[in-house]
$ cat coords-v9.pdb   # PDB, C-alpha atoms
ATOM      1  CA  MET A   1     -19.244 -47.295  27.438
ATOM      2  CA  ARG A   2     -21.158 -45.086  25.001
ATOM      3  CA  VAL A   3     -19.036 -41.979  24.413
ATOM      4  CA  GLY A   4     -20.066 -38.912  22.434
ATOM      5  CA  ILE A   5     -17.419 -36.550  21.060
ATOM      6  CA  PHE A   6     -18.116 -32.855  20.571
ATOM      7  CA  GLY A   7     -15.405 -30.548  19.329
ATOM      8  CA  SER A   8     -14.210 -27.215  18.061
ATOM      9  CA  GLU A   9     -13.985 -26.722  14.320
ATOM     10  CA  TYR A  10     -10.934 -24.443  14.566
ATOM     11  CA  GLN A  11      -8.160 -26.804  15.631
ATOM     12  CA  VAL A  12      -6.478 -28.173  12.512
ATOM     13  CA  GLU A  13      -3.101 -27.898  14.243
ATOM     14  CA  ARG A  14      -4.379 -30.272  16.966
ATOM     15  CA  GLN A  15      -5.262 -33.122  14.651
ATOM     16  CA  SER A  16      -2.621 -35.458  16.111
ATOM     17  CA  LEU A  17      -4.256 -35.205  19.540
ATOM     18  CA  ILE A  18      -7.722 -35.697  18.048
ATOM     19  CA  LYS A  19      -6.632 -38.816  16.174
ATOM     20  CA  ARG A  20      -4.931 -40.144  19.302
ATOM     21  CA  LEU A  21      -8.166 -39.677  21.240
ATOM     22  CA  PHE A  22     -10.092 -41.828  18.768
ATOM     23  CA  GLU A  23      -7.364 -44.479  18.881
ATOM     24  CA  GLU A  24      -7.365 -44.587  22.674
ATOM     25  CA  LEU A  25     -11.141 -44.980  22.711
ATOM     26  CA  ARG A  26     -10.879 -47.804  20.159
ATOM     27  CA  ILE A  27      -8.315 -49.594  22.323
ATOM     28  CA  ARG A  28     -10.695 -49.341  25.268
ATOM     29  CA  GLU A  29     -13.534 -50.749  23.135
ATOM     30  CA  ALA A  30     -15.804 -47.743  23.614
ATOM     31  CA  GLU A  31     -18.896 -47.167  21.498
ATOM     32  CA  VAL A  32     -18.036 -43.841  19.910
ATOM     33  CA  TYR A  33     -20.492 -41.318  18.487
ATOM     34  CA  VAL A  34     -19.567 -37.917  17.026
ATOM     35  CA  ASP A  35     -21.621 -34.747  16.872
ATOM     36  CA  ARG A  36     -22.622 -33.966  13.273
ATOM     37  CA  SER A  37     -20.797 -30.614  12.993
ATOM     38  CA  PHE A  38     -17.569 -32.036  14.424
ATOM     39  CA  TYR A  39     -17.821 -35.100  12.205
ATOM     40  CA  THR A  40     -18.079 -32.837   9.146
ATOM     41  CA  PHE A  41     -14.976 -30.959  10.321
ATOM     42  CA  LEU A  42     -13.031 -34.217  10.767
ATOM     43  CA  THR A  43     -13.899 -35.546   7.327
ATOM     44  CA  ASP A  44     -13.709 -32.287   5.357
ATOM     45  CA  ALA A  45     -10.976 -30.239   7.052
ATOM     46  CA  LEU A  46      -8.769 -33.043   8.380
ATOM     47  CA  ASP A  47      -9.578 -35.692   5.773
ATOM     48  CA  PHE A  48     -10.005 -38.086   8.710
ATOM     49  CA  GLU A  49     -12.692 -40.778   8.721
ATOM     50  CA  PRO A  50     -12.915 -42.073  12.307
ATOM     51  CA  ASN A  51     -14.144 -45.565  13.066
ATOM     52  CA  ILE A  52     -17.348 -44.789  14.967
ATOM     53  CA  GLN A  53     -20.731 -46.305  15.719
ATOM     54  CA  GLY A  54     -22.772 -43.315  14.599
ATOM     55  CA  VAL A  55     -23.263 -39.578  14.175
ATOM     56  CA  LEU A  56     -25.263 -37.561  16.711
ATOM     57  CA  GLU A  57     -28.189 -35.706  15.174
ATOM     58  CA  GLY A  58     -30.936 -33.715  16.852
ATOM     59  CA  ASP A  59     -31.256 -32.821  20.511
ATOM     60  CA  GLU A  60     -31.658 -36.241  22.145
ATOM     61  CA  PHE A  61     -29.033 -38.970  22.400
ATOM     62  CA  ASP A  62     -28.187 -41.776  24.818
ATOM     63  CA  LEU A  63     -24.603 -41.505  26.101
ATOM     64  CA  ASP A  64     -22.679 -42.472  29.216
ATOM     65  CA  LEU A  65     -20.133 -39.711  28.718
ATOM     66  CA  ALA A  66     -19.668 -36.623  26.547
ATOM     67  CA  LEU A  67     -16.141 -35.545  25.597
ATOM     68  CA  SER A  68     -15.673 -31.876  24.761
ATOM     69  CA  VAL A  69     -12.510 -31.415  22.670
ATOM     70  CA  GLY A  70     -11.400 -27.777  22.532
ATOM     71  CA  GLY A  71     -11.408 -24.910  25.003
ATOM     72  CA  ASP A  72     -13.968 -23.594  27.469
ATOM     73  CA  GLY A  73     -16.063 -22.174  24.618
ATOM     74  CA  THR A  74     -16.376 -25.656  23.144
ATOM     75  CA  PHE A  75     -17.350 -26.971  26.584
ATOM     76  CA  LEU A  76     -20.131 -24.377  26.827
ATOM     77  CA  ARG A  77     -21.478 -25.388  23.416
ATOM     78  CA  THR A  78     -21.326 -29.040  24.442
ATOM     79  CA  ALA A  79     -23.246 -28.279  27.631
ATOM     80  CA  ALA A  80     -25.920 -26.541  25.541
ATOM     81  CA  ARG A  81     -26.172 -29.614  23.258
ATOM     82  CA  VAL A  82     -26.415 -31.986  26.219
ATOM     83  CA  ASN A  83     -29.021 -29.711  27.795
ATOM     84  CA  ARG A  84     -31.160 -31.551  30.393
ATOM     85  CA  GLN A  85     -29.999 -35.059  29.585
ATOM     86  CA  ALA A  86     -27.770 -35.366  32.685
ATOM     87  CA  ILE A  87     -24.857 -36.727  30.641
ATOM     88  CA  PRO A  88     -21.533 -36.020  32.411
ATOM     89  CA  ILE A  89     -19.099 -33.947  30.342
ATOM     90  CA  LEU A  90     -15.299 -34.186  30.349
ATOM     91  CA  GLY A  91     -13.358 -31.257  28.900
ATOM     92  CA  ILE A  92     -10.180 -32.069  26.949
ATOM     93  CA  ASN A  93      -8.207 -28.876  26.448
ATOM     94  CA  THR A  94      -6.769 -28.127  23.020
ATOM     95  CA  GLY A  95      -7.094 -24.389  23.576
ATOM     96  CA  ARG A  96      -5.259 -22.026  25.907
ATOM     97  CA  LEU A  97      -6.599 -21.151  29.358
ATOM     98  CA  GLY A  98      -9.165 -23.744  30.378
ATOM     99  CA  PHE A  99     -11.128 -23.992  33.628
ATOM    100  CA  LEU A 100     -13.872 -26.274  32.290
ATOM    101  CA  ALA A 101     -11.682 -28.006  29.711
ATOM    102  CA  ASP A 102      -8.826 -28.703  32.092
ATOM    103  CA  VAL A 103      -7.458 -32.077  30.903
ATOM    104  CA  GLY A 104      -4.337 -31.429  28.851
ATOM    105  CA  ALA A 105      -2.823 -33.566  26.100
ATOM    106  CA  GLY A 106      -0.256 -35.026  28.484
ATOM    107  CA  GLU A 107      -3.008 -36.239  30.826
ATOM    108  CA  LEU A 108      -5.193 -37.875  28.188
ATOM    109  CA  ASN A 109      -4.173 -41.510  28.664
ATOM    110  CA  ASP A 110      -4.229 -41.429  32.467
ATOM    111  CA  THR A 111      -7.583 -39.646  32.455
ATOM    112  CA  LEU A 112      -9.180 -42.165  30.099
ATOM    113  CA  ASP A 113      -7.793 -45.023  32.208
ATOM    114  CA  GLU A 114      -9.487 -43.532  35.257
ATOM    115  CA  ILE A 115     -12.739 -42.925  33.383
ATOM    116  CA  PHE A 116     -12.969 -46.525  32.163
ATOM    117  CA  LYS A 117     -12.207 -47.789  35.672
ATOM    118  CA  ASN A 118     -15.067 -45.615  36.932
ATOM    119  CA  TYR A 119     -12.595 -43.641  39.037
ATOM    120  CA  TYR A 120     -13.746 -40.048  38.720
ATOM    121  CA  LYS A 121     -16.091 -37.550  40.332
ATOM    122  CA  VAL A 122     -18.991 -35.608  38.879
ATOM    123  CA  GLU A 123     -19.680 -32.038  39.958
ATOM    124  CA  GLU A 124     -23.128 -30.494  39.604
ATOM    125  CA  ARG A 125     -22.795 -26.968  38.189
ATOM    126  CA  THR A 126     -25.500 -24.313  38.451
ATOM    127  CA  LEU A 127     -26.965 -22.701  35.339
ATOM    128  CA  LEU A 128     -28.854 -19.437  34.912
ATOM    129  CA  ARG A 129     -32.208 -19.177  33.144
ATOM    130  CA  LEU A 130     -33.290 -16.121  31.194
ATOM    131  CA  HIS A 131     -37.009 -15.457  30.983
ATOM    132  CA  THR A 132     -38.461 -12.800  28.691
ATOM    133  CA  LYS A 133     -42.095 -12.053  27.944
ATOM    134  CA  ASP A 134     -43.348 -13.784  24.780
ATOM    135  CA  ARG A 135     -39.975 -15.615  24.571
ATOM    136  CA  ALA A 136     -38.256 -12.594  23.059
ATOM    137  CA  TYR A 137     -34.921 -14.412  23.353
ATOM    138  CA  ARG A 138     -35.155 -16.965  20.547
ATOM    139  CA  GLY A 139     -32.188 -19.192  21.402
ATOM    140  CA  TYR A 140     -31.322 -21.653  24.163
ATOM    141  CA  ASN A 141     -32.157 -19.527  27.198
ATOM    142  CA  TYR A 142     -29.798 -21.100  29.744
ATOM    143  CA  ALA A 143     -26.200 -20.210  30.581
ATOM    144  CA  LEU A 144     -23.538 -22.178  32.424
ATOM    145  CA  ASN A 145     -21.114 -19.243  32.693
ATOM    146  CA  GLU A 146     -22.947 -15.963  32.475
ATOM    147  CA  ILE A 147     -25.717 -13.805  31.115
ATOM    148  CA  ALA A 148     -24.327 -10.449  30.000
ATOM    149  CA  VAL A 149     -26.268  -7.289  29.162
ATOM    150  CA  LEU A 150     -24.092  -5.014  27.038
ATOM    151  CA  LYS A 151     -24.158  -1.822  25.010
ATOM    152  CA  ARG A 152     -24.054  -2.203  21.226
ATOM    153  CA  ASP A 153     -20.885  -1.441  19.287
ATOM    154  CA  SER A 154     -19.422   1.952  20.205
ATOM    155  CA  SER A 155     -22.654   3.507  21.422
ATOM    156  CA  SER A 156     -22.917   5.421  24.689
ATOM    157  CA  MET A 157     -23.349   3.685  28.016
ATOM    158  CA  ILE A 158     -26.593   1.986  28.934
ATOM    159  CA  MET A 159     -28.623   2.254  32.119
ATOM    160  CA  ILE A 160     -29.522  -1.076  33.750
ATOM    161  CA  HIS A 161     -32.198  -0.792  36.440
ATOM    162  CA  THR A 162     -31.681  -3.804  38.684
ATOM    163  CA  PHE A 163     -34.110  -5.455  41.104
ATOM    164  CA  LEU A 164     -33.536  -8.428  43.425
ATOM    165  CA  ASN A 165     -36.695 -10.309  44.414
ATOM    166  CA  GLU A 166     -38.640  -7.237  43.237
ATOM    167  CA  GLU A 167     -36.674  -4.942  45.557
ATOM    168  CA  TYR A 168     -34.821  -2.134  43.802
ATOM    169  CA  LEU A 169     -31.023  -2.509  44.085
ATOM    170  CA  THR A 170     -29.467   0.154  41.853
ATOM    171  CA  SER A 171     -29.244   1.489  38.321
ATOM    172  CA  TYR A 172     -25.932   0.625  36.692
ATOM    173  CA  GLN A 173     -24.718   3.285  34.258
ATOM    174  CA  ALA A 174     -22.080   1.251  32.494
ATOM    175  CA  ASP A 175     -21.015  -0.543  29.339
ATOM    176  CA  GLY A 176     -22.868  -3.560  30.669
ATOM    177  CA  LEU A 177     -23.585  -5.988  33.483
ATOM    178  CA  VAL A 178     -22.389  -9.588  33.806
ATOM    179  CA  VAL A 179     -24.556 -11.968  35.839
ATOM    180  CA  ALA A 180     -22.381 -15.014  36.485
ATOM    181  CA  THR A 181     -22.578 -18.409  38.125
ATOM    182  CA  PRO A 182     -19.700 -19.693  40.284
ATOM    183  CA  THR A 183     -18.509 -21.573  37.185
ATOM    184  CA  GLY A 184     -18.578 -18.315  35.202
ATOM    185  CA  SER A 185     -16.768 -16.359  37.909
ATOM    186  CA  THR A 186     -13.449 -17.310  36.242
ATOM    187  CA  ALA A 187     -14.654 -16.190  32.794
ATOM    188  CA  TYR A 188     -16.049 -12.828  31.626
ATOM    189  CA  SER A 189     -16.869 -11.790  35.191
ATOM    190  CA  MET A 190     -13.249 -12.201  36.279
ATOM    191  CA  SER A 191     -12.067 -10.085  33.336
ATOM    192  CA  VAL A 192     -14.123  -7.146  34.663
ATOM    193  CA  ASN A 193     -12.715  -7.600  38.194
ATOM    194  CA  GLY A 194     -15.468  -9.797  39.570
ATOM    195  CA  PRO A 195     -14.601 -12.139  42.458
ATOM    196  CA  ILE A 196     -13.621 -15.779  41.964
ATOM    197  CA  ILE A 197     -16.214 -18.085  43.540
ATOM    198  CA  VAL A 198     -15.647 -21.785  44.170
ATOM    199  CA  PRO A 199     -17.944 -23.954  42.007
ATOM    200  CA  GLN A 200     -19.787 -25.470  44.975
ATOM    201  CA  SER A 201     -20.977 -22.081  46.251
ATOM    202  CA  ASN A 202     -24.684 -21.321  46.104
ATOM    203  CA  ASN A 203     -24.176 -17.814  44.777
ATOM    204  CA  ILE A 204     -24.509 -15.523  41.778
ATOM    205  CA  VAL A 205     -22.265 -12.527  41.123
ATOM    206  CA  LEU A 206     -23.289  -9.235  39.515
ATOM    207  CA  SER A 207     -20.246  -7.606  37.884
ATOM    208  CA  PRO A 208     -20.670  -4.232  36.136
ATOM    209  CA  VAL A 209     -18.637  -3.604  32.979
ATOM    210  CA  ALA A 210     -16.801  -0.255  33.067
ATOM    211  CA  PRO A 211     -19.284   1.460  35.428
ATOM    212  CA  HIS A 212     -19.442   5.238  35.303
ATOM    213  CA  SER A 213     -19.379   5.495  39.107
ATOM    214  CA  LEU A 214     -16.201   4.409  40.922
ATOM    215  CA  ASN A 215     -18.127   3.302  44.011
ATOM    216  CA  VAL A 216     -20.029   0.596  42.099
ATOM    217  CA  ARG A 217     -18.538  -2.798  42.890
ATOM    218  CA  PRO A 218     -19.334  -6.438  42.057
ATOM    219  CA  LEU A 219     -21.986  -7.958  44.311
ATOM    220  CA  VAL A 220     -22.370 -11.590  45.403
ATOM    221  CA  ILE A 221     -25.948 -12.695  46.093
ATOM    222  CA  PRO A 222     -27.672 -16.011  46.958
ATOM    223  CA  ASP A 223     -28.591 -18.084  43.896
ATOM    224  CA  SER A 224     -32.161 -18.244  45.213
ATOM    225  CA  ASP A 225     -32.632 -14.572  44.301
ATOM    226  CA  VAL A 226     -34.584 -13.616  41.196
ATOM    227  CA  ILE A 227     -32.944 -10.803  39.219
ATOM    228  CA  THR A 228     -34.997  -8.374  37.151
ATOM    229  CA  LEU A 229     -33.291  -6.021  34.694
ATOM    230  CA  ARG A 230     -34.775  -3.106  32.763
ATOM    231  CA  VAL A 231     -32.460  -1.471  30.251
ATOM    232  CA  GLU A 232     -32.407   2.067  28.908
ATOM    233  CA  SER A 233     -30.294   2.873  25.843
ATOM    234  CA  ARG A 234     -29.930   6.051  23.797
ATOM    235  CA  ASN A 235     -29.925   4.124  20.536
ATOM    236  CA  LYS A 236     -32.984   2.113  21.685
ATOM    237  CA  TYR A 237     -31.198  -1.255  21.525
ATOM    238  CA  PHE A 238     -28.821  -3.326  23.601
ATOM    239  CA  LEU A 239     -27.068  -6.684  23.372
ATOM    240  CA  ILE A 240     -27.769  -9.719  25.523
ATOM    241  CA  SER A 241     -25.336 -12.629  25.531
ATOM    242  CA  LEU A 242     -25.737 -16.074  27.087
ATOM    243  CA  ASP A 243     -22.359 -17.845  27.187
ATOM    244  CA  GLY A 244     -21.423 -15.915  24.050
ATOM    245  CA  ARG A 245     -24.699 -16.541  22.168
ATOM    246  CA  SER A 246     -25.825 -12.995  21.447
ATOM    247  CA  GLU A 247     -29.051 -11.347  20.342
ATOM    248  CA  ILE A 248     -30.034  -7.697  19.912
ATOM    249  CA  PHE A 249     -32.945  -6.535  22.054
ATOM    250  CA  PRO A 250     -34.962  -3.328  21.966
ATOM    251  CA  ALA A 251     -34.841  -1.257  25.137
ATOM    252  CA  GLY A 252     -37.871  -1.709  27.354
ATOM    253  CA  ILE A 253     -37.969  -5.515  27.441
ATOM    254  CA  GLU A 254     -37.850  -6.823  31.002
ATOM    255  CA  LEU A 255     -35.281  -9.532  31.678
ATOM    256  CA  ASN A 256     -35.787 -12.036  34.495
ATOM    257  CA  ILE A 257     -32.795 -14.142  35.519
ATOM    258  CA  SER A 258     -32.967 -17.015  37.992
ATOM    259  CA  LYS A 259     -31.284 -20.279  38.878
ATOM    260  CA  ALA A 260     -32.164 -23.062  36.424
ATOM    261  CA  ASP A 261     -34.100 -26.122  37.532
ATOM    262  CA  TYR A 262     -31.361 -28.492  36.346
ATOM    263  CA  THR A 263     -27.563 -28.643  36.458
ATOM    264  CA  THR A 264     -24.690 -29.426  34.118
ATOM    265  CA  ARG A 265     -22.674 -32.463  35.215
ATOM    266  CA  VAL A 266     -18.912 -31.915  34.915
ATOM    267  CA  VAL A 267     -16.410 -34.774  35.133
ATOM    268  CA  LYS A 268     -13.304 -34.116  37.246
ATOM    269  CA  ARG A 269     -10.326 -36.278  38.154
ATOM    270  CA  TYR A 270      -9.863 -37.070  41.822
ATOM    271  CA  ASN A 271      -6.367 -35.585  41.828
ATOM    272  CA  HIS A 272      -7.579 -32.315  40.293
ATOM    273  CA  THR A 273      -8.982 -29.673  42.640
ATOM    274  CA  PHE A 274     -10.317 -26.206  41.889
ATOM    275  CA  TYR A 275      -7.562 -24.612  43.965
ATOM    276  CA  GLN A 276      -4.913 -26.534  42.037
ATOM    277  CA  THR A 277      -6.495 -25.352  38.790
ATOM    278  CA  LEU A 278      -6.364 -21.737  40.008
ATOM    279  CA  ARG A 279      -2.677 -22.065  40.858
ATOM    280  CA  GLU A 280      -1.848 -23.613  37.493
ATOM    281  CA  LYS A 281      -4.055 -21.549  35.182
ATOM    282  CA  LEU A 282      -3.524 -18.178  36.882
ATOM    283  CA  MET A 283       0.090 -18.931  37.842
ATOM    284  CA  TRP A 284      -0.484 -18.056  41.481
ATOM    285  CA  GLY A 285       2.781 -18.092  43.392
ATOM    286  CA  ALA A 286       4.824 -18.366  40.209
ATOM    287  CA  ASP A 287       7.948 -16.237  39.897
ATOM    288  CA  ILE A 288       8.740 -15.401  36.278
ATOM    289  CA  ARG A 289      12.342 -14.802  37.324
ATOM    290  CA  MET A 290      12.698 -18.503  38.154
ATOM    291  CA  LYS A 291      13.401 -20.602  35.058
TER     292      LYS A 291
END
$ encode --input "coords-v9.pdb" --output "structure tokens"
Amino acid sequence: MRVGIFGSEYQVERQSLIKRLFEELRIREAEVYVDRSFYTFLTDALDFEPNIQGVLEGDEFDLDLALSVGGDGTFLRTAARVNRQAIPILGINTGRLGFLADVGAGELNDTLDEIFKNYYKVEERTLLRLHTKDRAYRGYNYALNEIAVLKRDSSSMIMIHTFLNEEYLTSYQADGLVVATPTGSTAYSMSVNGPIIVPQSNNIVLSPVAPHSLNVRPLVIPDSDVITLRVESRNKYFLISLDGRSEIFPAGIELNISKADYTTRVVKRYNHTFYQTLREKLMWGADIRMK
């Protein structure tokens, strides 16, 4: 099996787990490749020279499996690197709260055993595509979690005129608007009181950030809808963020958001369900009085 490893560069305290991962892959006779930036971190910061078959450069590589070592942010960066190549991604959690990177250190061996026995499932996750005239957004214009339109710094609220399939919906006067996939419903959208949506749902959620009007609520729409946003800002600029990759835009640029024409493939264990993850990560039903 050809395995690519992508990782966070801020996990020096997790080096024992990282080294154990490489050892477990060696025992299973995997062909191991490491993303260039993570390889530099391993050799420079950890003084660790892994026994690998090669370093991944550029945007195209041939892998059977991608391992994302870190938190959900690392998983999002890995998904952006994999892009359209349909390589399934497994998230190994060395961070804190992880919905995408949900395999903990204690599950590593069992998970790898299942992977190498071909006993796992792959979920297809929806992405969002941002389209701007003349490609005003210069980066990777797809998002697995969310596309967020936000005010800059401590400036006054912005006005976001919102259209669905060219029909006017409303104008959000708020600190921003989060347009999230079902995968992203447990990320930024959830932090601004958006609903949790199961990953298999064919929906998108619009969650305003600190709206000025109390009767403005998050809205769930079909993922076949095309969203058009026009932003007004007193300081003439606003921020747009795709899975945390941010750029500053001048007011007046029209943003078109739609479902992408490809998916991200996420590896899950058969004994892990989304509802189980919700119970564990959000501590549903837990009583802090019980020790």
$ atom_distance --input "coords-v9.pdb" --atom1 "atom CA of A:Asp47" --atom2 "atom CA of A:Tyr10"
14.3 Å
$ residues_around --input "coords-v9.pdb" --residues "A:Tyr119" --least-positions-apart "4" --cutoff "10 Å" --atoms "all atoms listed in the file" --output "list in words"
Thr111, Leu112, Asp113, Glu114, Ile115, Lys268, Arg269 and Tyr270 of chain A
$ write_last_selection --input "coords-v9.pdb" --atoms "C-alpha atoms" --output "tab-separated table (two decimals), in the frame of the given file"
chain	number	residue	atom	x	y	z
A	111	THR	CA	-7.58	-39.65	32.46
A	112	LEU	CA	-9.18	-42.16	30.10
A	113	ASP	CA	-7.79	-45.02	32.21
A	114	GLU	CA	-9.49	-43.53	35.26
A	115	ILE	CA	-12.74	-42.92	33.38
A	268	LYS	CA	-13.30	-34.12	37.25
A	269	ARG	CA	-10.33	-36.28	38.15
A	270	TYR	CA	-9.86	-37.07	41.82
$ resolve_selection --input "coords-v9.pdb" --expression "the PyMOL selection byres ((chain A and resi 42) around 12)" --output "PDB file with C-alpha atoms, keeping the file's coordinate frame"
ATOM      1  CA  ILE A   5     -17.419 -36.550  21.060  1.00  0.00           C
ATOM      2  CA  PHE A   6     -18.116 -32.855  20.571  1.00  0.00           C
ATOM      3  CA  GLY A   7     -15.405 -30.548  19.329  1.00  0.00           C
ATOM      4  CA  SER A   8     -14.210 -27.215  18.061  1.00  0.00           C
ATOM      5  CA  GLU A   9     -13.985 -26.722  14.320  1.00  0.00           C
ATOM      6  CA  TYR A  10     -10.934 -24.443  14.566  1.00  0.00           C
ATOM      7  CA  GLN A  11      -8.160 -26.804  15.631  1.00  0.00           C
ATOM      8  CA  VAL A  12      -6.478 -28.173  12.512  1.00  0.00           C
ATOM      9  CA  ARG A  14      -4.379 -30.272  16.966  1.00  0.00           C
ATOM     10  CA  GLN A  15      -5.262 -33.122  14.651  1.00  0.00           C
ATOM     11  CA  SER A  16      -2.621 -35.458  16.111  1.00  0.00           C
ATOM     12  CA  ILE A  18      -7.722 -35.697  18.048  1.00  0.00           C
ATOM     13  CA  LYS A  19      -6.632 -38.816  16.174  1.00  0.00           C
ATOM     14  CA  PHE A  22     -10.092 -41.828  18.768  1.00  0.00           C
ATOM     15  CA  VAL A  34     -19.567 -37.917  17.026  1.00  0.00           C
ATOM     16  CA  ASP A  35     -21.621 -34.747  16.872  1.00  0.00           C
ATOM     17  CA  ARG A  36     -22.622 -33.966  13.273  1.00  0.00           C
ATOM     18  CA  SER A  37     -20.797 -30.614  12.993  1.00  0.00           C
ATOM     19  CA  PHE A  38     -17.569 -32.036  14.424  1.00  0.00           C
ATOM     20  CA  TYR A  39     -17.821 -35.100  12.205  1.00  0.00           C
ATOM     21  CA  THR A  40     -18.079 -32.837   9.146  1.00  0.00           C
ATOM     22  CA  PHE A  41     -14.976 -30.959  10.321  1.00  0.00           C
ATOM     23  CA  THR A  43     -13.899 -35.546   7.327  1.00  0.00           C
ATOM     24  CA  ASP A  44     -13.709 -32.287   5.357  1.00  0.00           C
ATOM     25  CA  ALA A  45     -10.976 -30.239   7.052  1.00  0.00           C
ATOM     26  CA  LEU A  46      -8.769 -33.043   8.380  1.00  0.00           C
ATOM     27  CA  ASP A  47      -9.578 -35.692   5.773  1.00  0.00           C
ATOM     28  CA  PHE A  48     -10.005 -38.086   8.710  1.00  0.00           C
ATOM     29  CA  GLU A  49     -12.692 -40.778   8.721  1.00  0.00           C
ATOM     30  CA  PRO A  50     -12.915 -42.073  12.307  1.00  0.00           C
ATOM     31  CA  ASN A  51     -14.144 -45.565  13.066  1.00  0.00           C
TER      32      ASN A  51
END
$ atom_distance --input "coords-v9.pdb" --atom1 "atom CA of A:Phe249" --atom2 "atom CA of A:Asn215"
28.3 Å
$ residues_near_point --input "coords-v9.pdb" --point "(-27.5, -30.7, 32.7)" --cutoff "12 Å" --atoms "all atoms listed in the file" --output "VMD selection string"
chain A and resid 66 76 78 to 89 122 to 128 142 to 144 260 to 266
$ residues_around --input "coords-v9.pdb" --residues "A:Thr273" --least-positions-apart "2" --cutoff "12 Å" --atoms "all atoms listed in the file" --output "ChimeraX atom specification"
/A:99-100,102,121,123,198-200,267-271,275-280
$ residues_around --input "coords-v9.pdb" --residues "A:Ala210" --least-positions-apart "5" --cutoff "12 Å" --atoms "all atoms listed in the file" --output "list of chain:residue names"
A:Leu150, A:Lys151, A:Ser156, A:Met157, A:Ile158, A:Tyr172, A:Gln173, A:Ala174, A:Asp175, A:Gly176, A:Leu177, A:Val178, A:Ser189, A:Ser191, A:Val192, A:Asn193, A:Gly194, A:Asn215, A:Val216, A:Arg217, A:Pro218
$ atom_distance --input "coords-v9.pdb" --atom1 "atom CA of A:His161" --atom2 "atom CA of A:Ser185"
22.0 Å
$ residues_around --input "coords-v9.pdb" --residues "A:Ala148" --least-positions-apart "5" --cutoff "9 Å" --atoms "all atoms listed in the file" --output "ChimeraX atom specification"
/A:176-180,188,239-244
$ closest_residue --input "coords-v9.pdb" --among "A:Ser258, A:Gln53, A:Asn109, A:Thr74" --to "A:Glu31" --atoms "all atoms listed in the file"
A:Gln53
$ residues_around --input "coords-v9.pdb" --residues "A:Ser171" --least-positions-apart "3" --cutoff "8 Å" --atoms "all atoms listed in the file" --output "list in words"
Met159, Ile160, His161 and Thr162 of chain A
$ closest_residue --input "coords-v9.pdb" --among "A:Thr186, A:Val209, A:Asp62, A:Gly54" --to "A:Met1" --atoms "all atoms listed in the file"
A:Asp62
$ residues_near_point --input "coords-v9.pdb" --point "(-28.3, -13.4, 46.1)" --cutoff "12 Å" --atoms "all atoms listed in the file" --output "list in words"
Phe163, Leu164, Asn165, Glu167, Leu169, Val179, Ala180, Thr181, Ser201, Asn202, Asn203, Ile204, Val205, Leu206, Leu219, Val220, Ile221, Pro222, Asp223, Ser224, Asp225, Val226, Ile227, Ile257, Ser258 and Lys259 of chain A
$ resolve_selection --input "coords-v9.pdb" --expression "the PyMOL selection byres ((chain A and resi 237) around 6)" --output "list in words"
Asn235, Lys236, Phe238, Phe249, Pro250 and Ala251 of chain A
$ write_last_selection --input "coords-v9.pdb" --atoms "C-alpha atoms" --output "PDB file, in the coordinates of the input"
ATOM      1  CA  ASN A 235     -29.925   4.124  20.536  1.00  0.00           C
ATOM      2  CA  LYS A 236     -32.984   2.113  21.685  1.00  0.00           C
ATOM      3  CA  PHE A 238     -28.821  -3.326  23.601  1.00  0.00           C
ATOM      4  CA  PHE A 249     -32.945  -6.535  22.054  1.00  0.00           C
ATOM      5  CA  PRO A 250     -34.962  -3.328  21.966  1.00  0.00           C
ATOM      6  CA  ALA A 251     -34.841  -1.257  25.137  1.00  0.00           C
TER       7      ALA A 251
END
$ closest_residue --input "coords-v9.pdb" --among "A:Glu232, A:Asp134, A:Glu107, A:Glu57" --to "A:Leu21" --atoms "all atoms listed in the file"
A:Glu107
$ closest_residue --input "coords-v9.pdb" --among "A:Gly106, A:Leu56, A:Gly98, A:His131" --to "A:Asp72" --atoms "only C-alpha atoms"
A:Gly98
